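Trainee: Got target-v4.txt for you, compact mmCIF, C-alpha atoms:
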# COMPACT_ATOMS: atom_id res chain seq x y z
CA MET A 1 39.75 49.94 127.19
CA ALA A 2 40.03 50.73 123.47
CA GLN A 3 37.84 53.77 123.97
CA ARG A 4 39.95 55.04 126.87
CA PHE A 5 43.08 54.60 124.76
CA LEU A 6 41.51 56.56 121.90
CA GLN A 7 40.49 59.31 124.31
CA SER A 8 43.97 59.70 125.78
CA ALA A 9 45.48 59.62 122.29
CA LYS A 10 43.08 62.39 121.29
CA ALA A 11 44.23 64.47 124.27
CA LEU A 12 47.90 63.90 123.42
CA LEU A 13 47.88 64.53 119.68
CA PRO A 14 47.38 68.32 119.43
CA GLY A 15 50.09 68.91 122.03
CA LEU A 16 52.51 66.48 120.38
CA ALA A 17 51.92 68.13 117.01
CA ILE A 18 52.54 71.61 118.46
CA LEU A 19 55.68 70.57 120.37
CA ALA A 20 57.06 68.75 117.32
CA ALA A 21 56.31 71.74 115.08
CA LEU A 22 58.12 74.03 117.56
CA ALA A 23 61.10 71.66 117.62
CA VAL A 24 61.26 71.64 113.82
CA ALA A 25 60.89 75.44 113.65
CA GLY A 26 63.67 75.77 116.23
CA GLN A 27 65.90 73.47 114.18
CA TRP A 28 65.28 75.62 111.11
CA ALA A 29 65.93 78.88 112.98
CA SER A 30 69.12 77.57 114.62
CA ALA A 31 70.98 77.96 111.32
CA PHE A 32 70.55 81.73 111.61
CA VAL A 33 70.77 82.26 115.38
CA GLY A 34 73.63 79.94 116.35
CA LEU A 35 71.78 78.42 119.33
CA PRO A 36 70.64 74.75 119.47
CA GLY A 37 67.27 74.14 117.76
CA PRO A 38 65.45 72.48 120.70
CA ILE A 39 66.34 75.43 122.95
CA LEU A 40 64.93 77.93 120.44
CA GLY A 41 61.81 75.73 120.33
CA LEU A 42 61.62 75.85 124.15
CA ALA A 43 61.90 79.67 124.10
CA ALA A 44 59.15 79.87 121.45
CA TYR A 45 56.91 77.53 123.50
CA LEU A 46 57.43 79.65 126.62
CA ALA A 47 56.61 82.82 124.64
CA LEU A 48 53.46 81.14 123.25
CA LEU A 49 52.35 80.10 126.76
CA LEU A 50 52.85 83.63 128.09
CA ALA A 51 51.01 85.19 125.13
CA VAL A 52 48.14 82.66 124.90
CA PRO A 53 47.57 80.85 128.25
CA ALA A 54 45.06 78.49 126.57
CA PHE A 55 48.06 76.76 124.96
CA GLY A 56 48.88 75.41 128.41
CA ARG A 57 45.74 73.28 128.62
CA LEU A 58 46.05 72.16 125.00
CA THR A 59 49.66 70.99 125.25
CA GLN A 60 49.73 69.86 128.90
CA PRO A 61 49.08 66.11 128.39
CA ALA A 62 51.77 65.82 125.70
CA ALA A 63 54.33 67.99 127.54
CA GLU A 64 53.89 66.07 130.82
CA GLY A 65 54.00 62.75 128.99
CA LEU A 66 57.23 63.63 127.18
CA LEU A 67 58.88 64.88 130.40
CA LYS A 68 57.98 61.57 132.09
CA LEU A 69 59.52 59.68 129.16
CA LEU A 70 62.77 61.66 129.28
CA GLY A 71 64.64 58.89 131.09
CA LEU A 72 63.68 56.39 128.39
CA LEU A 73 64.71 58.79 125.63
CA ILE A 74 68.26 59.33 126.93
CA THR A 75 68.96 55.71 127.86
CA PRO A 76 70.39 54.95 124.35
CA ALA A 77 72.98 57.76 124.79
CA ALA A 78 74.28 55.97 127.90
CA VAL A 79 74.53 52.70 125.96
CA GLY A 80 76.31 54.58 123.13
CA LEU A 81 79.24 55.35 125.40
CA MET A 82 80.31 51.72 124.87
CA LEU A 83 81.39 52.82 121.38
CA HIS A 84 84.14 54.97 122.94
CA VAL A 85 85.52 52.40 125.37
CA ASP A 86 88.56 51.66 123.18
CA GLU A 87 89.77 55.21 122.68
CA LEU A 88 89.36 55.95 126.39
CA SER A 89 90.86 52.72 127.70
CA GLY A 90 94.11 54.42 128.82
CA GLU A 91 92.39 57.12 130.84
CA VAL A 92 89.12 55.64 132.15
CA GLY A 93 90.17 55.81 135.82
CA ARG A 94 91.37 59.42 135.68
CA LEU A 95 88.38 60.41 133.54
CA ALA A 96 85.95 58.96 136.10
CA LEU A 97 87.75 60.84 138.88
CA VAL A 98 87.51 64.13 136.96
CA VAL A 99 83.78 63.60 136.27
CA VAL A 100 83.02 62.76 139.91
CA LEU A 101 85.06 65.61 141.47
CA SER A 102 83.93 68.23 138.96
CA THR A 103 80.25 67.22 139.18
CA VAL A 104 80.19 67.34 142.98
CA ALA A 105 82.06 70.70 142.90
CA THR A 106 79.57 72.10 140.36
CA GLY A 107 76.59 70.97 142.46
CA PHE A 108 78.03 72.50 145.64
CA ALA A 109 78.99 75.75 143.88
CA THR A 110 75.45 76.09 142.48
CA ALA A 111 73.59 75.31 145.71
CA PHE A 112 75.75 77.57 147.89
CA ALA A 113 75.89 80.39 145.32
CA TYR A 114 72.07 80.38 145.36
CA LYS A 115 71.92 80.41 149.18
CA GLY A 116 74.44 83.26 149.33
CA LEU A 117 72.87 85.34 146.57
CA ARG A 118 69.37 84.89 148.01
CA LYS A 119 70.55 86.21 151.38
CA TRP A 120 72.60 89.00 149.80
CA LEU A 121 69.88 90.20 147.41
CA GLY A 122 67.22 89.86 150.12
CA MET B 1 64.59 57.38 104.20
CA ALA B 2 65.48 54.04 102.59
CA TRP B 3 64.67 52.25 105.85
CA LEU B 4 60.96 53.03 105.45
CA THR B 5 60.66 50.49 102.65
CA ASP B 6 63.11 47.98 104.10
CA PRO B 7 61.29 45.40 106.26
CA ALA B 8 64.54 44.17 107.86
CA ALA B 9 65.48 47.68 109.01
CA LEU B 10 61.94 48.28 110.29
CA ALA B 11 62.01 45.01 112.22
CA GLN B 12 65.39 45.93 113.72
CA MET B 13 64.01 49.32 114.71
CA ALA B 14 60.96 47.77 116.38
CA GLY B 15 63.23 45.29 118.19
CA GLY B 16 65.64 47.97 119.42
CA ILE B 17 62.85 50.21 120.68
CA ALA B 18 60.95 47.32 122.30
CA ALA B 19 64.15 46.20 124.08
CA THR B 20 64.79 49.76 125.32
CA VAL B 21 61.21 50.15 126.59
CA LEU B 22 61.37 46.76 128.31
CA ALA B 23 64.74 47.53 129.94
CA TYR B 24 63.54 50.94 131.11
CA TRP B 25 60.24 49.55 132.46
CA THR B 26 62.16 46.85 134.37
CA ALA B 27 64.56 49.52 135.71
CA LEU B 28 61.61 51.65 136.90
CA ARG B 29 60.16 48.65 138.77
CA VAL B 30 63.54 47.90 140.40
CA SER B 31 63.91 51.57 141.32
CA ALA B 32 60.43 51.62 142.88
CA LEU B 33 61.28 48.47 144.88
CA ALA B 34 64.39 50.28 146.19
CA ARG B 35 62.15 53.26 147.12
CA GLN B 36 63.79 55.55 144.54
CA HIS B 37 67.20 55.25 146.20
CA PRO B 38 69.60 57.47 144.17
CA LEU B 39 72.03 54.56 143.67
CA VAL B 40 69.29 52.61 141.89
CA ASN B 41 68.97 55.14 139.06
CA PRO B 42 66.57 53.81 136.39
CA ILE B 43 68.62 55.16 133.44
CA LEU B 44 71.79 53.54 134.80
CA ILE B 45 70.03 50.19 135.34
CA ALA B 46 68.32 50.27 131.94
CA ALA B 47 71.63 51.03 130.20
CA LEU B 48 73.42 48.22 132.06
CA LEU B 49 70.61 45.77 131.16
CA LEU B 50 70.84 46.77 127.48
CA ILE B 51 74.66 46.60 127.38
CA GLY B 52 74.53 43.18 129.04
CA GLY B 53 71.78 42.01 126.69
CA LEU B 54 73.65 43.15 123.58
CA ALA B 55 76.83 41.43 124.79
CA LEU B 56 74.98 38.16 125.54
CA ALA B 57 73.24 38.18 122.14
CA ARG B 58 76.54 39.18 120.45
CA LEU B 59 74.83 42.16 118.78
CA PRO B 60 76.85 45.26 117.80
CA VAL B 61 76.25 48.45 119.82
CA ARG B 62 76.37 50.52 116.59
CA GLY B 63 73.42 48.56 115.13
CA TYR B 64 71.43 49.06 118.33
CA MET B 65 72.15 52.81 118.24
CA ASN B 66 70.90 53.04 114.64
CA SER B 67 67.75 51.08 115.48
CA VAL B 68 66.68 53.47 118.28
CA GLU B 69 67.03 56.61 116.16
CA PRO B 70 63.25 57.41 116.53
CA LEU B 71 63.73 57.79 120.32
CA ARG B 72 66.35 60.46 119.59
CA TRP B 73 63.84 62.35 117.39
CA LEU B 74 61.53 62.59 120.41
CA LEU B 75 64.30 64.21 122.45
CA ALA B 76 63.82 67.56 120.64
CA PRO B 77 60.06 67.94 121.42
CA ALA B 78 60.82 66.67 124.96
CA THR B 79 63.35 69.50 125.41
CA VAL B 80 60.73 71.96 124.14
CA ALA B 81 58.30 70.56 126.75
CA PHE B 82 60.48 72.00 129.56
CA GLY B 83 58.73 75.28 128.75
CA LEU B 84 55.65 74.08 130.69
CA PRO B 85 57.18 73.66 134.21
CA ILE B 86 59.05 76.97 133.75
CA TYR B 87 55.81 78.71 132.71
CA ARG B 88 53.92 77.30 135.70
CA GLN B 89 56.44 78.65 138.20
CA ARG B 90 56.88 82.06 136.54
CA ALA B 91 55.86 83.89 139.76
CA LEU B 92 58.61 82.20 141.77
CA ILE B 93 61.15 82.74 139.00
CA LEU B 94 60.29 86.43 138.78
CA SER B 95 60.49 86.93 142.56
CA ALA B 96 63.81 85.11 143.03
CA GLY B 97 65.05 85.76 139.48
CA LYS B 98 68.31 87.59 140.17
CA ALA B 99 69.56 85.08 142.73
CA LEU B 100 68.51 82.14 140.53
CA ILE B 101 70.17 83.49 137.37
CA GLY B 102 73.30 84.56 139.30
CA ALA B 103 73.65 81.11 140.88
CA ILE B 104 73.16 79.42 137.50
CA LEU B 105 75.91 81.58 135.93
CA ILE B 106 78.31 80.80 138.81
CA GLY B 107 77.42 77.09 138.61
CA SER B 108 77.95 76.97 134.83
CA LEU B 109 81.36 78.62 135.13
CA ALA B 110 82.27 76.23 137.96
CA GLY B 111 81.20 73.32 135.72
CA ILE B 112 83.41 74.32 132.77
CA VAL B 113 86.45 75.43 134.78
CA SER B 114 86.48 72.54 137.28
CA ALA B 115 86.17 69.93 134.51
CA ALA B 116 88.85 71.40 132.23
CA ALA B 117 91.27 72.29 135.06
CA LEU B 118 91.05 68.83 136.69
CA ALA B 119 91.35 67.10 133.30
CA LYS B 120 94.52 69.10 132.55
CA LEU B 121 95.85 68.44 136.06
CA PHE B 122 95.40 64.67 135.59
CA GLY B 123 97.07 64.84 132.16
CA LEU B 124 94.09 63.69 130.05
CA SER B 125 94.39 63.98 126.25
CA GLY B 126 93.50 67.24 124.51
CA GLU B 127 90.35 65.79 122.91
CA THR B 128 89.11 64.46 126.27
CA VAL B 129 89.69 67.88 127.91
CA LYS B 130 87.61 69.50 125.14
CA ALA B 131 84.82 66.89 125.47
CA LEU B 132 84.74 67.36 129.27
CA SER B 133 84.29 71.13 129.03
CA THR B 134 80.60 70.73 128.11
CA LYS B 135 79.83 67.98 130.64
CA SER B 136 77.57 70.26 132.71
CA VAL B 137 75.06 71.04 129.95
CA THR B 138 72.42 68.83 128.42
CA SER B 139 73.14 66.89 125.20
CA PRO B 140 71.53 69.20 122.57
CA PHE B 141 73.66 72.11 123.87
CA ALA B 142 76.83 70.05 124.22
CA ILE B 143 76.54 68.71 120.66
CA ALA B 144 75.76 72.14 119.19
CA VAL B 145 78.66 73.85 121.02
CA MET B 146 81.14 71.09 120.14
CA GLU B 147 80.19 71.22 116.47
CA ARG B 148 80.69 74.99 116.44
CA MET B 149 84.07 74.85 118.22
CA GLY B 150 85.30 71.79 116.34
CA GLY B 151 85.47 69.50 119.38
CA PRO B 152 84.53 65.78 119.71
CA ALA B 153 80.69 65.99 119.73
CA GLU B 154 79.77 62.30 120.14
CA LEU B 155 82.21 61.76 123.01
CA ALA B 156 80.97 64.96 124.66
CA ALA B 157 77.37 63.68 124.43
CA GLY B 158 78.38 60.42 126.12
CA LEU B 159 80.24 62.24 128.91
CA VAL B 160 77.14 64.40 129.46
CA ILE B 161 75.17 61.26 130.36
CA VAL B 162 77.92 59.90 132.63
CA THR B 163 78.03 63.29 134.37
CA GLY B 164 74.24 63.28 134.79
CA LEU B 165 74.33 59.78 136.28
CA ALA B 166 77.26 60.66 138.60
CA GLY B 167 75.43 63.78 139.76
CA ALA B 168 72.08 62.05 140.31
CA VAL B 169 73.81 59.26 142.28
CA LEU B 170 76.31 61.34 144.35
CA LEU B 171 74.68 64.74 144.88
CA PRO B 172 71.65 63.43 146.86
CA ALA B 173 74.13 62.11 149.46
CA CYS B 174 76.33 65.24 149.39
CA LEU B 175 73.40 67.66 149.61
CA LYS B 176 71.20 65.67 152.02
CA ARG B 177 70.67 68.69 154.31
CA GLU B 178 69.52 70.84 151.37
CA ARG B 179 67.13 68.14 150.18
CA ASP B 180 65.24 68.28 153.49
CA ARG B 181 65.55 71.95 154.41
CA ASP B 182 66.08 73.91 151.20
CA PRO B 183 64.53 71.99 148.27
CA GLN B 184 65.00 74.95 145.91
CA SER B 185 68.81 74.90 146.27
CA TYR B 186 68.72 71.11 145.93
CA ALA B 187 66.69 71.23 142.70
CA LEU B 188 68.90 73.99 141.28
CA ALA B 189 72.11 72.07 142.02
CA LEU B 190 70.78 68.81 140.53
CA GLY B 191 69.26 70.53 137.50
CA LEU B 192 72.55 72.26 136.75
CA ALA B 193 75.21 69.68 137.65
CA ALA B 194 73.23 66.61 136.45
CA HIS B 195 70.97 68.29 133.82
CA ILE B 196 68.46 65.82 132.29
CA VAL B 197 69.22 62.94 134.66
CA GLY B 198 69.07 65.38 137.59
CA ASN B 199 65.76 66.78 136.32
CA GLN B 200 64.38 63.27 136.05
CA HIS B 201 65.53 62.57 139.63
CA VAL B 202 63.91 65.80 140.89
CA ALA B 203 60.69 64.97 139.00
CA ARG B 204 60.51 61.70 140.95
CA VAL B 205 61.56 62.83 144.46
CA ALA B 206 60.41 66.50 144.59
CA PRO B 207 58.06 67.27 141.66
CA HIS B 208 57.05 70.70 143.04
CA THR B 209 60.61 72.00 142.47
CA LEU B 210 60.95 70.58 138.94
CA SER B 211 60.52 74.06 137.43
CA ILE B 212 63.71 75.23 139.20
CA ALA B 213 65.66 72.24 137.94
CA SER B 214 64.30 72.85 134.41
CA LEU B 215 65.28 76.52 134.61
CA ALA B 216 68.81 75.54 135.71
CA LEU B 217 69.12 73.10 132.79
CA THR B 218 67.95 75.66 130.20
CA VAL B 219 69.76 78.77 131.44
CA ALA B 220 72.98 76.82 132.14
CA GLY B 221 72.84 75.57 128.54
CA LEU B 222 72.47 79.12 127.24
CA ALA B 223 75.20 80.47 129.56
CA THR B 224 77.66 77.74 128.55
CA THR B 225 76.92 78.25 124.85
CA LEU B 226 77.87 81.92 125.29
CA MET B 227 80.81 81.47 127.72
CA LEU B 228 82.60 78.52 126.17
CA PRO B 229 83.94 80.32 123.08
CA LEU B 230 85.62 82.87 125.41
CA LEU B 231 87.27 80.10 127.46
CA TRP B 232 88.10 77.95 124.42
CA PRO B 233 91.71 79.19 123.93
CA TRP B 234 92.51 78.01 127.49
CA ILE B 235 90.56 74.73 127.15
CA ALA B 236 92.11 73.78 123.80
CA GLY B 237 95.56 75.20 124.67
How does this structure look as structure tokens?

Mentor:
Amino acid sequence: MAQRFLQSAKALLPGLAILAALAVAGQWASAFVGLPGPILGLAAYLALLLAVPAFGRLTQPAAEGLLKLLGLLITPAAVGLMLHVDELSGEVGRLALVVVLSTVATGFATAFAYKGLRKWLG
Amino acid sequence: MAWLTDPAALAQMAGGIAATVLAYWTALRVSALARQHPLVNPILIAALLLIGGLALARLPVRGYMNSVEPLRWLLAPATVAFGLPIYRQRALILSAGKALIGAILIGSLAGIVSAAALAKLFGLSGETVKALSTKSVTSPFAIAVMERMGGPAELAAGLVIVTGLAGAVLLPACLKRERDRDPQSYALALGLAAHIVGNQHVARVAPHTLSIASLALTVAGLATTLMLPLLWPWIAG
């Protein structure tokens, strides 16, 4: 059990270190480029994967692990909305309606734009 | 970094993270019992459990938010990790690239315009209209854009999550036909309109299309970052 844990930790660590380094590098570069740091890190990771395919195998366990954990990582942001309940108290109902209508409209627009464009562009 | 040497702060951090992990694990079990029904979204259930728990224990939400800071640090490498599913599906993306990118641009514009126009129509306050304009992009983008334009960043980040939850709960019912017959359109719509929560939903119900949802999340973020400054006079006006 302990050995298996050590083995999976060993598989995760290089990937975690690389992804964290890319995130930090992106954060640093974002001051000059004006795009969010994590997105610059994503672009750099994609470029690295295309240039050196071996990076895929090295980082795969960490990348897949982090993507699986995504739900856990954003749960606090949902809890944090409680901090804004007071300032929104007068408009919660209308706000909810706007979010629901606009989100459904955005989803429909995206799905049907893709269907249409796919047919049109062949 | 004063908290590193402060045992009370460290204990609070461990408690906050342990509570979040426990709530999320419970939510995953409940979601599995409900056979991944979209209404039983694990993030929604975990958040409700935590809000209820904090209220019962009479603990302040602000203290909880400070204690789970390390989870937020992991969000940046997790965003970087989206490079892997995009890389794996590069053949598909190259073959359907124009239609995919075109649909993502149209969807992003629809996201900004529908949110701001409806918010103005319903007479919401100026700050709320601004915060709603980034609701269709994932948090790192929304925060970065808001800080650049001088809008309410924290509120925008909260509305991003509500939007993601609304999309991951409602869109599966609205786009039921697409889910069965055209999984690519389904993944694209969820990845764009419900960003991270939508991606997480797609990863659970249709993992083979996750790359499309990831592409939608990333490109929509870039498109909105570039388009929003042009629309800002109308949004803020």

Trainee: Taking all atoms listed in the file into account, which residues of chain B are within 6 Å of chain A, as a list of chain:residue names?

Mentor: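 Every residue meeting the condition is included here: B:Ile43, B:Ala47, B:Leu71, B:Ala76, B:Pro77, B:Ala78, B:Thr79, B:Val80, B:Ala81, B:Gly83, B:Ala99, B:Ala103, B:Gly107, B:Ala110, B:Gly111, B:Ser114, B:Ala115, B:Leu118, B:Phe141, B:Ala144, B:Gly158, B:Ile161, B:Gly167, B:Ser185, B:Ala189, B:Ala193.
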
Trainee: Nearest to Tyr186 in chain B among B:Ala166, B:Thr20, B:Ile212, B:Ala57, with distances taken over all atoms listed in the file: which residue is it?

Mentor: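 Under the stated criterion, the closest residue is B:Ile212.
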
Trainee: Do a neighbour search on Thr209 in chain B at 10 Å with only C-alpha atoms, toss out local chain neighbours closer than 3 positions, and write the hits as a list in words.

Mentor: Pro85, Gln89, Pro183, Gln184, Ser185, Tyr186, Ala187, Leu188, Asn199, Val202, Ala203, Val205, Ala206, Ile212, Ala213 and Ser214 of chain B

Trainee: Within 10 Å of Trp25 in chain B, counting all atoms listed in the file, which residues qualify if same-chain residues fewer than 5 places away don't, as a PyMOL selection string?

Mentor: (chain A and resi 72) or (chain B and resi 19-20+30-31+42+46)

Trainee: Separation of CA of Pro140 in chain B and CA of Val85 in chain A, in Å?

Mentor: 22.0 Å

Trainee: Have a look at CA of Pro70 in chain B and CA of Ile143 in chain B and let me know their distance in Å, one decimal.

Mentor: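 CA of Pro70 in chain B sits 17.9 Å away from CA of Ile143 in chain B.
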
Trainee: Box for range 68-86 of chain A: with edges along x, y and z, all listed atoms inside and 8 Å added on each side, what are the centre and edge lengths in Å to one decimal, as JSON?

Mentor:
{"center_x": 73.3, "center_y": 56.7, "center_z": 126.7, "size_x": 46.6, "size_y": 26.0, "size_z": 26.7}

Trainee: As an exercise, work out the distance from CA of Gln200 in chain B to CA of Asn66 in chain B in Å and give it to one decimal place.

Mentor: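 Those two atoms sit 24.6 Å apart.
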
Trainee: List the spatial neighbours of Ile17 in chain B as a PyMOL selection string - criterion: any atom at most 10 Å away, only C-alpha atoms, same-chain residues fewer than 4 positions off excluded.

Mentor: (chain A and resi 72+76) or (chain B and resi 11-13+21-23+64-65+67-71)

Trainee: Find the residue from B:Ala8, B:Leu28, B:Leu215, B:Leu190 that sits nearest to Lys176 in chain B; use all atoms listed in the file when measuring.

Mentor: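 Nearest to Lys176 in chain B: B:Leu190.
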
Trainee: Could you rebuild range 189-202 of chain B with N, CA and C atoms and give it back as a JSON list (two decimals), keeping the file's coordinate frame?

Mentor:
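Saved as part-v9.json:
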[["chain", "number", "residue", "atom", "x", "y", "z"],
["B", 189, "ALA", "N", 70.82, 72.75, 142.13],
["B", 189, "ALA", "CA", 72.11, 72.07, 142.02],
["B", 189, "ALA", "C", 72.00, 70.82, 141.14],
["B", 190, "LEU", "N", 70.92, 70.03, 141.34],
["B", 190, "LEU", "CA", 70.78, 68.81, 140.53],
["B", 190, "LEU", "C", 70.45, 69.13, 139.08],
["B", 191, "GLY", "N", 69.62, 70.15, 138.86],
["B", 191, "GLY", "CA", 69.26, 70.53, 137.50],
["B", 191, "GLY", "C", 70.46, 71.05, 136.74],
["B", 192, "LEU", "N", 71.39, 71.71, 137.44],
["B", 192, "LEU", "CA", 72.55, 72.26, 136.75],
["B", 192, "LEU", "C", 73.66, 71.22, 136.59],
["B", 193, "ALA", "N", 74.05, 70.58, 137.70],
["B", 193, "ALA", "CA", 75.21, 69.68, 137.65],
["B", 193, "ALA", "C", 74.87, 68.35, 136.98],
["B", 194, "ALA", "N", 73.60, 67.92, 137.02],
["B", 194, "ALA", "CA", 73.23, 66.61, 136.45],
["B", 194, "ALA", "C", 72.15, 66.74, 135.38],
["B", 195, "HIS", "N", 71.91, 67.96, 134.92],
["B", 195, "HIS", "CA", 70.97, 68.29, 133.82],
["B", 195, "HIS", "C", 69.80, 67.33, 133.67],
["B", 196, "ILE", "N", 69.68, 66.61, 132.53],
["B", 196, "ILE", "CA", 68.46, 65.82, 132.29],
["B", 196, "ILE", "C", 68.28, 64.71, 133.32],
["B", 197, "VAL", "N", 69.35, 64.02, 133.68],
["B", 197, "VAL", "CA", 69.22, 62.94, 134.66],
["B", 197, "VAL", "C", 68.84, 63.53, 136.02],
["B", 198, "GLY", "N", 69.41, 64.69, 136.35],
["B", 198, "GLY", "CA", 69.07, 65.38, 137.59],
["B", 198, "GLY", "C", 67.62, 65.83, 137.59],
["B", 199, "ASN", "N", 67.16, 66.36, 136.44],
["B", 199, "ASN", "CA", 65.76, 66.78, 136.32],
["B", 199, "ASN", "C", 64.83, 65.60, 136.52],
["B", 200, "GLN", "N", 65.22, 64.46, 135.94],
["B", 200, "GLN", "CA", 64.38, 63.27, 136.05],
["B", 200, "GLN", "C", 64.33, 62.80, 137.50],
["B", 201, "HIS", "N", 65.48, 62.92, 138.21],
["B", 201, "HIS", "CA", 65.53, 62.57, 139.63],
["B", 201, "HIS", "C", 64.63, 63.51, 140.44],
["B", 202, "VAL", "N", 64.74, 64.82, 140.17],
["B", 202, "VAL", "CA", 63.91, 65.80, 140.89],
["B", 202, "VAL", "C", 62.43, 65.56, 140.61]]
